[in-house]
Amino acid sequence: MLDWTDRHCRYFHRLLTQRTRLYTEMVTTGALLHGDVPRHLAFDASEHPVALQLGGSEPADLAACARLAQRWGYDEINLNCGCPSERVQRGAFGACLMREPQLVADCVKAMRDAVSLPVTVKHRIGIDRVESYEFVRDFVGTVADAGCEVFIVHARNAWLQGLSPKENREIPPLRYEIVRRLKQDFPQLTIVLNGGLVSDDQIEAELAHVDGAMVGRHAYQEPYALAVWDQRFFGESRPRVDKDEVEEAMVRYCERQQSLGVPWPHVMRHVLGLRNGQPGARRWRQVWSDHSLKQQKPAEVWQRAQEALRGARALVE
C-alpha cells in the first residue's frame with residue numbers, strides 16, 4: 001500500500017472504525033536510519049491501534065528501527081515478507097525473504113530482543129511456481145520458533161519474475177485453503193487471511209476458519225464499508241458514523257494540516273471514495289479533485305462539494 005495508507009489516510013479510516021487495526025505503508029529500514037524519521041513515523045494519537053510495517057533484511061537495522069517504532073508509540077511492528085516489486089527484490093527483502101526462513105527468524109528475534117512490542121510477519125503462501133504446502137508450513141514453523149505469534153498470510157504466491165506488483169495481486173490464484181490449513185497445523189498461532197476480500201459476508205465466512213482478516217485495496221477504494229465493522233465484527237453498539245460528519249471532520253483536519261504546511265489535496269485524495277454510489281458522488285469527487293481550487297481554503301471547497309451533492313439530490317427528487 002505504498003503511497004496509499006499514509007498518516008492522512010489512516011486518520012480518515014479511523015473516523016470510520018475505532019477498533020480495526022491500521023497498518024502503515026511499508027517503510028524501509030534505510031529510510032528510517034538515513035532519512036527523515038518524523039516524516040515516516042509521525043502519526044495522530046487517534047490512529048491507535050496502529051502497526052508500523054517495515055521492509056528490511058538486516059537484523060541489526062531492523063532492531064534499530066524497532067526501537068524507533070517503540071519510541072514513537074506504535075502498537076506493533078510488522079515485517080513485510082510479501083511485497084514482490086523489483087525495487088524491493090533489489091534490496092533483498094519483501095517476498096524474496098521467504099527463501100530464507102532462518103534469516104527472517106533472526107530478524108524477528110533481533111526485533112523482539114530490542115523492544116517489548118509484538119513483532120508480526122506478513123507473507124505470501126509461496127514464491128514463483130513453488131506451490132507445495134510444505135514450503136509455507138516450514139517458513140511459518142521456523143519463524144514461529146523465533147517468537148513470532150501472528151502471521152498475516154496473503155493467500156497468493158508471489159511471482160518474482162514477469163509480473164508487476166499489480167499483476168501479482170491478480171494473476172496468481174487465491175488459495176484460501178492453504179491459509180486455513182496453516183491454522184489447523186498451528187492452532188497456537190494467530191493466522192490472519194489477506195487477499196481478495198471484498199465483502200463483509202466473505203470476511204465473516206473466512207473468520208470461521210482463521211483468526212482475522214486484512215483488507216487492503218477494497219478498504220481504500222470503498223472506505224465507507226469500514227463504517228459497519230465495529231458493529232459487525234467487534235460487537236460495538238454505537239451507530240454507524242454519518243458520511244457528512246466524516247467529511248466535516250476531514251475538512252477540520254485539513255485546516256489543521258494546512259496550518260502545518262500540508263496542502264489539503266494531499267489529504268483529501270484519500271477520501272474520494274467516501275460517497276461511492278450516492279447521487280452526485282461523481283460531481284462531488286470532481287470538486288475535491290479540482291486542482292484549480294487547491295489555493296482555496298478547505299471549508300470553501302467543502303461548500304462547493306456540498307452544493308454539488310444538493311444539486312444532484314434535487315434532480316433525483
# chains A, B, ... in the order shown; residues from 1 in each chain; ligands from 1
$ residues_around --residues "segment 3-17 of chain A" --least-positions-apart "2" --cutoff "8 Å" --atoms "only C-alpha atoms" --output "tab-separated table (two decimals) with N, CA and C atoms, in the first residue's frame"
chain	number	residue	atom	x	y	z
A	1	MET	N	0.84	-1.21	0.00
A	1	MET	CA	0.00	0.00	0.00
A	1	MET	C	0.87	1.26	0.00
A	19	ARG	N	-12.07	0.25	16.01
A	19	ARG	CA	-11.48	-0.98	16.53
A	19	ARG	C	-10.52	-1.67	15.54
A	20	THR	N	-10.72	-1.47	14.27
A	20	THR	CA	-9.89	-2.13	13.27
A	20	THR	C	-8.44	-1.67	13.41
A	22	LEU	N	-4.93	-0.57	12.15
A	22	LEU	CA	-4.44	0.09	10.95
A	22	LEU	C	-2.94	-0.17	10.78
A	23	TYR	N	-2.51	-0.27	9.53
A	23	TYR	CA	-1.10	-0.52	9.22
A	23	TYR	C	-0.55	0.61	8.36
A	24	THR	N	0.69	0.98	8.61
A	24	THR	CA	1.32	1.98	7.77
A	24	THR	C	1.65	1.39	6.40
A	25	GLU	N	1.95	2.25	5.45
A	25	GLU	CA	2.58	1.76	4.24
A	25	GLU	C	3.96	1.23	4.63
A	42	ALA	N	5.69	9.95	12.20
A	42	ALA	CA	4.70	10.76	12.93
A	42	ALA	C	3.29	10.32	12.58
A	43	PHE	N	2.41	10.27	13.57
A	43	PHE	CA	1.02	9.92	13.34
A	43	PHE	C	0.16	10.55	14.43
A	44	ASP	N	-1.14	10.61	14.16
A	44	ASP	CA	-2.08	11.19	15.11
A	44	ASP	C	-2.45	10.15	16.17
A	46	SER	N	-5.11	9.50	17.49
A	46	SER	CA	-6.39	8.83	17.24
A	46	SER	C	-6.22	7.55	16.42
A	47	GLU	N	-5.06	7.35	15.78
A	47	GLU	CA	-4.88	6.20	14.89
A	47	GLU	C	-4.72	4.88	15.64
A	220	TYR	N	-9.60	0.80	0.84
A	220	TYR	CA	-9.22	2.12	0.33
A	220	TYR	C	-10.22	2.62	-0.70
A	223	PRO	N	-14.21	3.04	1.16
A	223	PRO	CA	-13.92	3.25	2.58
A	223	PRO	C	-15.13	3.20	3.50
A	224	TYR	N	-16.31	3.54	2.98
A	224	TYR	CA	-17.46	3.56	3.89
A	224	TYR	C	-17.85	2.15	4.34
A	226	LEU	N	-15.95	0.37	5.94
A	226	LEU	CA	-15.36	0.25	7.26
A	226	LEU	C	-16.32	0.70	8.36
A	227	ALA	N	-17.32	1.50	8.00
A	227	ALA	CA	-18.17	2.13	9.00
A	227	ALA	C	-19.07	1.15	9.74
A	228	VAL	N	-19.20	-0.08	9.25
A	228	VAL	CA	-20.02	-1.07	9.96
A	228	VAL	C	-19.18	-2.14	10.64
A	229	TRP	N	-17.87	-2.08	10.49
A	229	TRP	CA	-17.03	-3.16	11.01
A	229	TRP	C	-17.04	-3.23	12.53
A	230	ASP	N	-17.07	-2.09	13.20
A	230	ASP	CA	-17.07	-2.13	14.67
A	230	ASP	C	-18.30	-2.86	15.20
A	240	ARG	N	-23.52	3.59	13.11
A	240	ARG	CA	-22.55	3.88	12.06
A	240	ARG	C	-22.40	5.39	11.88
A	241	VAL	N	-21.18	5.86	11.74
A	241	VAL	CA	-20.93	7.29	11.58
A	241	VAL	C	-21.51	7.77	10.25
A	246	VAL	N	-18.25	12.63	8.73
A	246	VAL	CA	-16.88	12.25	8.38
A	246	VAL	C	-16.25	13.32	7.50
A	250	MET	N	-12.97	15.66	8.29
A	250	MET	CA	-11.80	15.71	7.43
A	250	MET	C	-11.48	17.13	6.99
A	267	VAL	N	-4.36	15.43	1.50
A	267	VAL	CA	-5.21	14.73	2.47
A	267	VAL	C	-6.45	14.17	1.79
A	270	HIS	N	-7.41	10.81	-0.35
A	270	HIS	CA	-7.75	9.53	0.25
A	270	HIS	C	-9.25	9.39	0.52
A	271	VAL	N	-9.99	10.47	0.43
A	271	VAL	CA	-11.39	10.50	0.84
A	271	VAL	C	-12.34	10.37	-0.35
$ closest_atom_pairs --of "segment 34-57 of chain A" --to "segment 118-122 of chain A" --cutoff "10 Å" --atoms "only C-alpha atoms" --output "JSON lines"
{"residue": "A:Ala51", "atom": "CA", "partner": "A:Thr120", "partner_atom": "CA", "distance": 9.5}
{"residue": "A:Leu52", "atom": "CA", "partner": "A:Val119", "partner_atom": "CA", "distance": 9.8}
{"residue": "A:Gln53", "atom": "CA", "partner": "A:Lys122", "partner_atom": "CA", "distance": 8.9}
{"residue": "A:Leu54", "atom": "CA", "partner": "A:Val121", "partner_atom": "CA", "distance": 9.7}
$ write_last_selection --atoms "N, CA, C and O atoms" --output "CSV table (one decimal), in the first residue's frame"
chain,number,residue,atom,x,y,z
A,51,ALA,N,0.0,-0.2,13.5
A,51,ALA,CA,1.2,-1.0,13.3
A,51,ALA,C,2.1,-0.4,12.3
A,51,ALA,O,1.7,0.1,11.3
A,52,LEU,N,3.4,-0.4,12.6
A,52,LEU,CA,4.4,0.0,11.6
A,52,LEU,C,4.9,-1.2,10.8
A,52,LEU,O,5.4,-2.2,11.4
A,53,GLN,N,4.8,-1.1,9.5
A,53,GLN,CA,5.2,-2.1,8.6
A,53,GLN,C,6.6,-1.8,8.1
A,53,GLN,O,6.8,-0.8,7.4
A,54,LEU,N,7.6,-2.7,8.3
A,54,LEU,CA,8.9,-2.5,8.0
A,54,LEU,C,9.4,-3.3,6.8
A,54,LEU,O,8.9,-4.5,6.7
$ closest_residue --among "A:Gly273, A:Leu260, A:Glu236, A:Asp201" --to "Ala219 of chain A" --atoms "only C-alpha atoms"
A:Gly273
$ closest_residue --among "A:Glu167, A:Asp244, A:Glu149, A:Glu255" --to "Asp211 of chain A" --atoms "only C-alpha atoms"
A:Glu149
$ residues_around --residues "segment 213-217 of chain A" --least-positions-apart "3" --cutoff "6 Å" --atoms "only C-alpha atoms" --output "list in words"
Val192, Leu193, Asn194, Tyr220 and Gln221 of chain A
$ atom_distance --atom1 "atom CA of Gln231 of chain A" --atom2 "atom CA of Gly196 of chain A"
22.1 Å
$ select_by_dssp --residues "segment 54-224 of chain A" --states "strand (DSSP E)" --output "PyMOL selection string"
chain A and resi 54-55+76-81+119-127+150-158+190-194+212-214
$ write_last_selection --atoms "N, CA, C and O atoms" --output "CSV table (one decimal), in the first residue's frame"
chain,number,residue,atom,x,y,z
A,54,LEU,N,7.6,-2.7,8.3
A,54,LEU,CA,8.9,-2.5,8.0
A,54,LEU,C,9.4,-3.3,6.8
A,54,LEU,O,8.9,-4.5,6.7
A,55,GLY,N,10.2,-2.8,6.0
A,55,GLY,CA,10.9,-3.6,4.9
A,55,GLY,C,12.4,-3.6,5.2
A,55,GLY,O,13.0,-2.5,5.3
A,76,GLU,N,2.6,-2.1,17.2
A,76,GLU,CA,3.0,-3.4,16.6
A,76,GLU,C,4.1,-3.1,15.6
A,76,GLU,O,4.1,-2.0,15.0
A,77,ILE,N,5.0,-4.1,15.4
A,77,ILE,CA,5.9,-4.0,14.2
A,77,ILE,C,5.6,-5.2,13.3
A,77,ILE,O,5.6,-6.3,13.8
A,78,ASN,N,5.4,-4.9,12.1
A,78,ASN,CA,5.1,-5.9,11.1
A,78,ASN,C,6.2,-6.0,10.0
A,78,ASN,O,6.5,-5.0,9.4
A,79,LEU,N,6.8,-7.1,9.9
A,79,LEU,CA,7.9,-7.3,8.9
A,79,LEU,C,7.3,-7.8,7.6
A,79,LEU,O,6.6,-8.8,7.5
A,80,ASN,N,7.5,-7.1,6.5
A,80,ASN,CA,7.0,-7.4,5.2
A,80,ASN,C,7.8,-8.5,4.5
A,80,ASN,O,9.0,-8.2,4.1
A,81,CYS,N,7.2,-9.6,4.3
A,81,CYS,CA,7.8,-10.7,3.6
A,81,CYS,C,6.9,-11.1,2.4
A,81,CYS,O,6.9,-12.3,2.0
A,119,VAL,N,5.9,-8.4,17.5
A,119,VAL,CA,6.5,-8.4,16.1
A,119,VAL,C,5.8,-9.5,15.3
A,119,VAL,O,5.7,-10.7,15.7
A,120,THR,N,5.2,-9.0,14.2
A,120,THR,CA,4.4,-9.9,13.3
A,120,THR,C,5.0,-10.0,12.0
A,120,THR,O,5.9,-9.2,11.6
A,121,VAL,N,4.6,-10.9,11.2
A,121,VAL,CA,5.1,-11.1,9.8
A,121,VAL,C,4.0,-11.2,8.8
A,121,VAL,O,3.0,-11.9,9.0
A,122,LYS,N,4.1,-10.5,7.7
A,122,LYS,CA,3.2,-10.6,6.6
A,122,LYS,C,3.9,-11.3,5.4
A,122,LYS,O,5.0,-10.9,5.1
A,123,HIS,N,3.3,-12.3,4.8
A,123,HIS,CA,4.0,-13.1,3.8
A,123,HIS,C,3.0,-13.7,2.8
A,123,HIS,O,1.8,-13.5,3.0
A,124,ARG,N,3.5,-14.3,1.8
A,124,ARG,CA,2.7,-15.0,0.8
A,124,ARG,C,2.7,-16.5,1.1
A,124,ARG,O,3.3,-16.9,2.1
A,125,ILE,N,1.9,-17.2,0.3
A,125,ILE,CA,1.9,-18.7,0.6
A,125,ILE,C,3.0,-19.4,-0.2
A,125,ILE,O,3.2,-20.6,0.0
A,126,GLY,N,3.7,-18.7,-1.1
A,126,GLY,CA,4.8,-19.3,-1.8
A,126,GLY,C,5.4,-18.2,-2.7
A,126,GLY,O,4.9,-17.1,-2.9
A,127,ILE,N,6.5,-18.6,-3.4
A,127,ILE,CA,7.1,-17.7,-4.3
A,127,ILE,C,7.3,-18.4,-5.7
A,127,ILE,O,7.5,-19.6,-5.7
A,150,VAL,N,2.0,-14.0,15.3
A,150,VAL,CA,1.0,-13.5,14.4
A,150,VAL,C,1.5,-13.5,13.0
A,150,VAL,O,2.6,-12.9,12.7
A,151,PHE,N,0.8,-14.2,12.1
A,151,PHE,CA,1.2,-14.3,10.7
A,151,PHE,C,0.0,-13.8,9.8
A,151,PHE,O,-1.1,-14.4,9.9
A,152,ILE,N,0.3,-12.8,9.0
A,152,ILE,CA,-0.7,-12.3,8.1
A,152,ILE,C,-0.4,-12.8,6.7
A,152,ILE,O,0.7,-12.5,6.1
A,153,VAL,N,-1.2,-13.7,6.2
A,153,VAL,CA,-0.9,-14.5,5.0
A,153,VAL,C,-1.7,-14.1,3.8
A,153,VAL,O,-2.9,-14.2,3.8
A,154,HIS,N,-1.0,-13.5,2.9
A,154,HIS,CA,-1.6,-13.2,1.6
A,154,HIS,C,-1.7,-14.5,0.8
A,154,HIS,O,-0.7,-15.1,0.5
A,155,ALA,N,-3.0,-14.9,0.5
A,155,ALA,CA,-3.2,-16.3,0.0
A,155,ALA,C,-2.9,-16.4,-1.5
A,155,ALA,O,-3.7,-17.1,-2.2
A,156,ARG,N,-1.9,-15.8,-1.9
A,156,ARG,CA,-1.4,-16.0,-3.3
A,156,ARG,C,0.1,-16.2,-3.3
A,156,ARG,O,0.8,-15.7,-2.4
A,157,ASN,N,0.7,-16.9,-4.3
A,157,ASN,CA,2.1,-16.9,-4.5
A,157,ASN,C,2.5,-15.5,-5.0
A,157,ASN,O,1.8,-14.8,-5.5
A,158,ALA,N,3.8,-15.2,-4.7
A,158,ALA,CA,4.4,-14.0,-5.3
A,158,ALA,C,5.3,-14.5,-6.5
A,158,ALA,O,6.3,-15.2,-6.2
A,190,THR,N,-1.7,-17.0,15.8
A,190,THR,CA,-2.8,-16.1,15.2
A,190,THR,C,-2.5,-16.0,13.7
A,190,THR,O,-1.5,-15.5,13.3
A,191,ILE,N,-3.5,-16.6,12.9
A,191,ILE,CA,-3.3,-16.6,11.5
A,191,ILE,C,-4.4,-15.7,10.9
A,191,ILE,O,-5.6,-15.8,11.1
A,192,VAL,N,-3.9,-14.7,10.1
A,192,VAL,CA,-4.8,-13.7,9.6
A,192,VAL,C,-4.8,-13.8,8.0
A,192,VAL,O,-3.7,-13.9,7.4
A,193,LEU,N,-5.9,-13.9,7.4
A,193,LEU,CA,-6.1,-14.1,6.0
A,193,LEU,C,-6.1,-12.7,5.3
A,193,LEU,O,-6.8,-11.8,5.7
A,194,ASN,N,-5.3,-12.6,4.2
A,194,ASN,CA,-5.3,-11.4,3.4
A,194,ASN,C,-5.4,-11.9,1.9
A,194,ASN,O,-5.0,-12.9,1.5
A,212,GLY,N,-8.3,-13.8,11.9
A,212,GLY,CA,-8.5,-12.4,11.5
A,212,GLY,C,-8.5,-12.2,10.0
A,212,GLY,O,-8.1,-13.2,9.2
A,213,ALA,N,-8.8,-11.0,9.5
A,213,ALA,CA,-8.8,-10.7,8.1
A,213,ALA,C,-8.2,-9.4,7.9
A,213,ALA,O,-8.4,-8.4,8.6
A,214,MET,N,-7.3,-9.3,6.9
A,214,MET,CA,-6.7,-8.0,6.5
A,214,MET,C,-7.3,-7.6,5.1
A,214,MET,O,-7.3,-8.4,4.2
$ atom_distance --atom1 "atom CA of Gln257 of chain A" --atom2 "atom CA of Glu300 of chain A"
15.7 Å
$ residues_around --residues "Val108 of chain A" --least-positions-apart "3" --cutoff "7 Å" --atoms "only C-alpha atoms" --output "PDB file with all heavy atoms, in the first residue's frame"
ATOM      1  N   VAL A 104      14.723 -14.652   8.299  1.00  0.00           N
ATOM      2  CA  VAL A 104      13.527 -13.991   8.824  1.00  0.00           C
ATOM      3  C   VAL A 104      13.402 -14.240  10.322  1.00  0.00           C
ATOM      4  O   VAL A 104      13.084 -13.322  11.097  1.00  0.00           O
ATOM      5  CB  VAL A 104      12.267 -14.463   8.076  1.00  0.00           C
ATOM      6  CG1 VAL A 104      11.014 -13.830   8.685  1.00  0.00           C
ATOM      7  CG2 VAL A 104      12.360 -14.118   6.589  1.00  0.00           C
ATOM      8  N   ALA A 105      13.670 -15.465  10.741  1.00  0.00           N
ATOM      9  CA  ALA A 105      13.629 -15.783  12.170  1.00  0.00           C
ATOM     10  C   ALA A 105      14.644 -14.939  12.936  1.00  0.00           C
ATOM     11  O   ALA A 105      14.347 -14.425  14.029  1.00  0.00           O
ATOM     12  CB  ALA A 105      13.902 -17.271  12.378  1.00  0.00           C
ATOM     13  N   MET A 111      14.414  -8.060  16.618  1.00  0.00           N
ATOM     14  CA  MET A 111      13.424  -7.030  16.974  1.00  0.00           C
ATOM     15  C   MET A 111      12.773  -7.333  18.312  1.00  0.00           C
ATOM     16  O   MET A 111      12.555  -6.436  19.129  1.00  0.00           O
ATOM     17  CB  MET A 111      12.383  -6.911  15.860  1.00  0.00           C
ATOM     18  CG  MET A 111      12.929  -6.259  14.598  1.00  0.00           C
ATOM     19  SD  MET A 111      11.657  -5.903  13.355  1.00  0.00           S
ATOM     20  CE  MET A 111      11.391  -7.539  12.675  1.00  0.00           C
ATOM     21  N   ARG A 112      12.454  -8.593  18.558  1.00  0.00           N
ATOM     22  CA  ARG A 112      11.829  -8.959  19.834  1.00  0.00           C
ATOM     23  C   ARG A 112      12.786  -8.712  21.001  1.00  0.00           C
ATOM     24  O   ARG A 112      12.353  -8.308  22.088  1.00  0.00           O
ATOM     25  CB  ARG A 112      11.399 -10.428  19.801  1.00  0.00           C
ATOM     26  CG  ARG A 112      10.106 -10.650  19.044  1.00  0.00           C
ATOM     27  CD  ARG A 112       9.772 -12.145  18.936  1.00  0.00           C
ATOM     28  NE  ARG A 112       9.880 -12.834  20.213  1.00  0.00           N
ATOM     29  CZ  ARG A 112       8.924 -12.866  21.146  1.00  0.00           C
ATOM     30  NH1 ARG A 112       7.780 -12.237  20.920  1.00  0.00           N
ATOM     31  NH2 ARG A 112       9.101 -13.535  22.280  1.00  0.00           N
ATOM     32  N   VAL A 119       5.920  -8.433  17.480  1.00  0.00           N
ATOM     33  CA  VAL A 119       6.505  -8.443  16.139  1.00  0.00           C
ATOM     34  C   VAL A 119       5.755  -9.475  15.309  1.00  0.00           C
ATOM     35  O   VAL A 119       5.680 -10.654  15.684  1.00  0.00           O
ATOM     36  CB  VAL A 119       8.008  -8.774  16.179  1.00  0.00           C
ATOM     37  CG1 VAL A 119       8.573  -8.857  14.761  1.00  0.00           C
ATOM     38  CG2 VAL A 119       8.762  -7.733  17.003  1.00  0.00           C
ATOM     39  N   ALA A 146      11.151 -18.441  16.482  1.00  0.00           N
ATOM     40  CA  ALA A 146      11.870 -17.237  16.925  1.00  0.00           C
ATOM     41  C   ALA A 146      10.993 -16.334  17.774  1.00  0.00           C
ATOM     42  O   ALA A 146      11.447 -15.281  18.221  1.00  0.00           O
ATOM     43  CB  ALA A 146      12.390 -16.467  15.718  1.00  0.00           C
ATOM     44  N   CYS A 148       7.643 -15.296  16.846  1.00  0.00           N
ATOM     45  CA  CYS A 148       6.538 -14.629  16.152  1.00  0.00           C
ATOM     46  C   CYS A 148       5.256 -15.426  16.390  1.00  0.00           C
ATOM     47  O   CYS A 148       5.219 -16.645  16.197  1.00  0.00           O
ATOM     48  CB  CYS A 148       6.817 -14.547  14.657  1.00  0.00           C
ATOM     49  SG  CYS A 148       5.539 -13.666  13.719  1.00  0.00           S
TER      50      CYS A 148
END
$ select_by_dssp --residues "segment 189-278 of chain A" --states "alpha helix (DSSP H)" --output "VMD selection string"
chain A and resid 200 to 206 217 to 221 229 to 234 243 to 259 264 to 268
$ write_last_selection --atoms "N, CA, C and O atoms" --output "short mmCIF file (atom, residue, chain, number, x, y, z; two decimals), in the first residue's frame"
data_model
loop_
_atom_site.label_atom_id
_atom_site.label_comp_id
_atom_site.auth_asym_id
_atom_site.auth_seq_id
_atom_site.Cartn_x
_atom_site.Cartn_y
_atom_site.Cartn_z
N ASP A 200 -18.29 -7.96 3.37
CA ASP A 200 -18.37 -8.35 4.78
C ASP A 200 -18.81 -9.80 4.94
O ASP A 200 -18.35 -10.49 5.85
N ASP A 201 -19.69 -10.25 4.06
CA ASP A 201 -20.12 -11.65 4.13
C ASP A 201 -18.94 -12.59 3.89
O ASP A 201 -18.80 -13.63 4.55
N GLN A 202 -18.09 -12.23 2.94
CA GLN A 202 -16.91 -13.05 2.64
C GLN A 202 -15.95 -13.05 3.83
O GLN A 202 -15.42 -14.10 4.21
N ILE A 203 -15.74 -11.88 4.43
CA ILE A 203 -14.88 -11.80 5.61
C ILE A 203 -15.43 -12.68 6.73
O ILE A 203 -14.70 -13.46 7.35
N GLU A 204 -16.72 -12.56 6.98
CA GLU A 204 -17.33 -13.33 8.05
C GLU A 204 -17.20 -14.82 7.81
O GLU A 204 -16.93 -15.60 8.75
N ALA A 205 -17.36 -15.24 6.57
CA ALA A 205 -17.24 -16.66 6.26
C ALA A 205 -15.82 -17.16 6.53
O ALA A 205 -15.63 -18.27 7.07
N GLU A 206 -14.82 -16.37 6.19
CA GLU A 206 -13.44 -16.81 6.40
C GLU A 206 -13.05 -16.78 7.88
O GLU A 206 -12.20 -17.55 8.31
N ARG A 217 -6.83 -2.93 -0.59
CA ARG A 217 -7.33 -2.00 -1.60
C ARG A 217 -8.85 -1.84 -1.57
O ARG A 217 -9.37 -0.77 -1.87
N HIS A 218 -9.58 -2.87 -1.21
CA HIS A 218 -11.04 -2.72 -1.12
C HIS A 218 -11.39 -1.69 -0.05
O HIS A 218 -12.29 -0.87 -0.25
N ALA A 219 -10.69 -1.71 1.07
CA ALA A 219 -10.95 -0.74 2.13
C ALA A 219 -10.62 0.67 1.67
O ALA A 219 -11.28 1.64 2.06
N TYR A 220 -9.60 0.80 0.84
CA TYR A 220 -9.22 2.12 0.33
C TYR A 220 -10.22 2.62 -0.70
O TYR A 220 -10.62 3.78 -0.69
N GLN A 221 -10.63 1.74 -1.60
CA GLN A 221 -11.49 2.15 -2.70
C GLN A 221 -12.96 2.27 -2.28
O GLN A 221 -13.71 3.04 -2.89
N TRP A 229 -17.87 -2.08 10.49
CA TRP A 229 -17.03 -3.16 11.01
C TRP A 229 -17.04 -3.23 12.53
O TRP A 229 -17.00 -4.32 13.10
N ASP A 230 -17.07 -2.09 13.20
CA ASP A 230 -17.07 -2.13 14.67
C ASP A 230 -18.30 -2.86 15.20
O ASP A 230 -18.23 -3.61 16.18
N GLN A 231 -19.43 -2.64 14.52
CA GLN A 231 -20.67 -3.30 14.95
C GLN A 231 -20.66 -4.78 14.55
O GLN A 231 -20.98 -5.66 15.36
N ARG A 232 -20.28 -5.05 13.31
CA ARG A 232 -20.41 -6.41 12.79
C ARG A 232 -19.33 -7.36 13.34
O ARG A 232 -19.64 -8.53 13.64
N PHE A 233 -18.12 -6.88 13.47
CA PHE A 233 -17.03 -7.79 13.81
C PHE A 233 -16.50 -7.63 15.23
O PHE A 233 -15.79 -8.49 15.73
N PHE A 234 -16.86 -6.51 15.88
CA PHE A 234 -16.36 -6.27 17.24
C PHE A 234 -17.48 -6.14 18.27
O PHE A 234 -17.22 -5.91 19.44
N LYS A 243 -21.81 10.01 6.81
CA LYS A 243 -20.84 10.48 5.81
C LYS A 243 -20.60 11.98 5.93
O LYS A 243 -19.46 12.45 5.78
N ASP A 244 -21.65 12.74 6.17
CA ASP A 244 -21.48 14.19 6.30
C ASP A 244 -20.60 14.53 7.49
O ASP A 244 -19.77 15.44 7.43
N GLU A 245 -20.76 13.79 8.59
CA GLU A 245 -19.93 14.02 9.77
C GLU A 245 -18.47 13.70 9.47
O GLU A 245 -17.56 14.42 9.92
N VAL A 246 -18.25 12.63 8.73
CA VAL A 246 -16.88 12.25 8.38
C VAL A 246 -16.25 13.32 7.50
O VAL A 246 -15.10 13.73 7.73
N GLU A 247 -16.99 13.79 6.51
CA GLU A 247 -16.43 14.80 5.61
C GLU A 247 -16.11 16.08 6.38
O GLU A 247 -15.05 16.68 6.19
N GLU A 248 -17.01 16.49 7.25
CA GLU A 248 -16.75 17.70 8.03
C GLU A 248 -15.51 17.52 8.90
O GLU A 248 -14.67 18.44 9.02
N ALA A 249 -15.36 16.35 9.53
CA ALA A 249 -14.18 16.10 10.36
C ALA A 249 -12.91 16.16 9.52
O ALA A 249 -11.87 16.66 9.98
N MET A 250 -12.97 15.66 8.29
CA MET A 250 -11.80 15.71 7.43
C MET A 250 -11.48 17.13 6.99
O MET A 250 -10.30 17.49 6.83
N VAL A 251 -12.49 17.96 6.81
CA VAL A 251 -12.25 19.36 6.48
C VAL A 251 -11.52 20.05 7.63
O VAL A 251 -10.55 20.79 7.42
N ARG A 252 -11.95 19.79 8.85
CA ARG A 252 -11.28 20.38 10.02
C ARG A 252 -9.84 19.87 10.12
O ARG A 252 -8.93 20.62 10.47
N TYR A 253 -9.66 18.59 9.82
CA TYR A 253 -8.32 18.02 9.83
C TYR A 253 -7.46 18.69 8.76
O TYR A 253 -6.29 19.01 9.00
N CYS A 254 -8.02 18.90 7.58
CA CYS A 254 -7.29 19.59 6.51
C CYS A 254 -6.85 20.98 6.95
O CYS A 254 -5.73 21.42 6.64
N GLU A 255 -7.73 21.67 7.65
CA GLU A 255 -7.38 23.01 8.13
C GLU A 255 -6.20 22.95 9.09
O GLU A 255 -5.28 23.79 9.02
N ARG A 256 -6.19 21.96 9.98
CA ARG A 256 -5.06 21.82 10.90
C ARG A 256 -3.79 21.46 10.16
O ARG A 256 -2.71 21.99 10.46
N GLN A 257 -3.90 20.57 9.19
CA GLN A 257 -2.72 20.18 8.43
C GLN A 257 -2.21 21.33 7.57
O GLN A 257 -0.99 21.50 7.40
N GLN A 258 -3.12 22.11 7.02
CA GLN A 258 -2.72 23.25 6.20
C GLN A 258 -1.91 24.24 7.01
O GLN A 258 -0.94 24.84 6.51
N SER A 259 -2.26 24.40 8.28
CA SER A 259 -1.50 25.31 9.15
C SER A 259 -0.09 24.81 9.38
O SER A 259 0.80 25.57 9.78
N TRP A 264 -4.21 20.77 1.29
CA TRP A 264 -5.37 19.91 1.53
C TRP A 264 -5.53 18.80 0.48
O TRP A 264 -6.03 17.73 0.82
N PRO A 265 -5.13 18.99 -0.82
CA PRO A 265 -5.28 17.86 -1.75
C PRO A 265 -4.49 16.62 -1.33
O PRO A 265 -4.87 15.50 -1.68
N HIS A 266 -3.38 16.80 -0.59
CA HIS A 266 -2.61 15.64 -0.14
C HIS A 266 -3.42 14.79 0.84
O HIS A 266 -3.17 13.59 0.98
N VAL A 267 -4.36 15.43 1.50
CA VAL A 267 -5.21 14.73 2.47
C VAL A 267 -6.45 14.17 1.79
O VAL A 267 -6.77 12.98 1.91
N MET A 268 -7.15 15.03 1.06
CA MET A 268 -8.48 14.66 0.55
C MET A 268 -8.43 13.65 -0.59
O MET A 268 -9.45 13.05 -0.90
#
$ atom_distance --atom1 "atom CA of Pro187 of chain A" --atom2 "atom CA of Ser199 of chain A"
25.8 Å
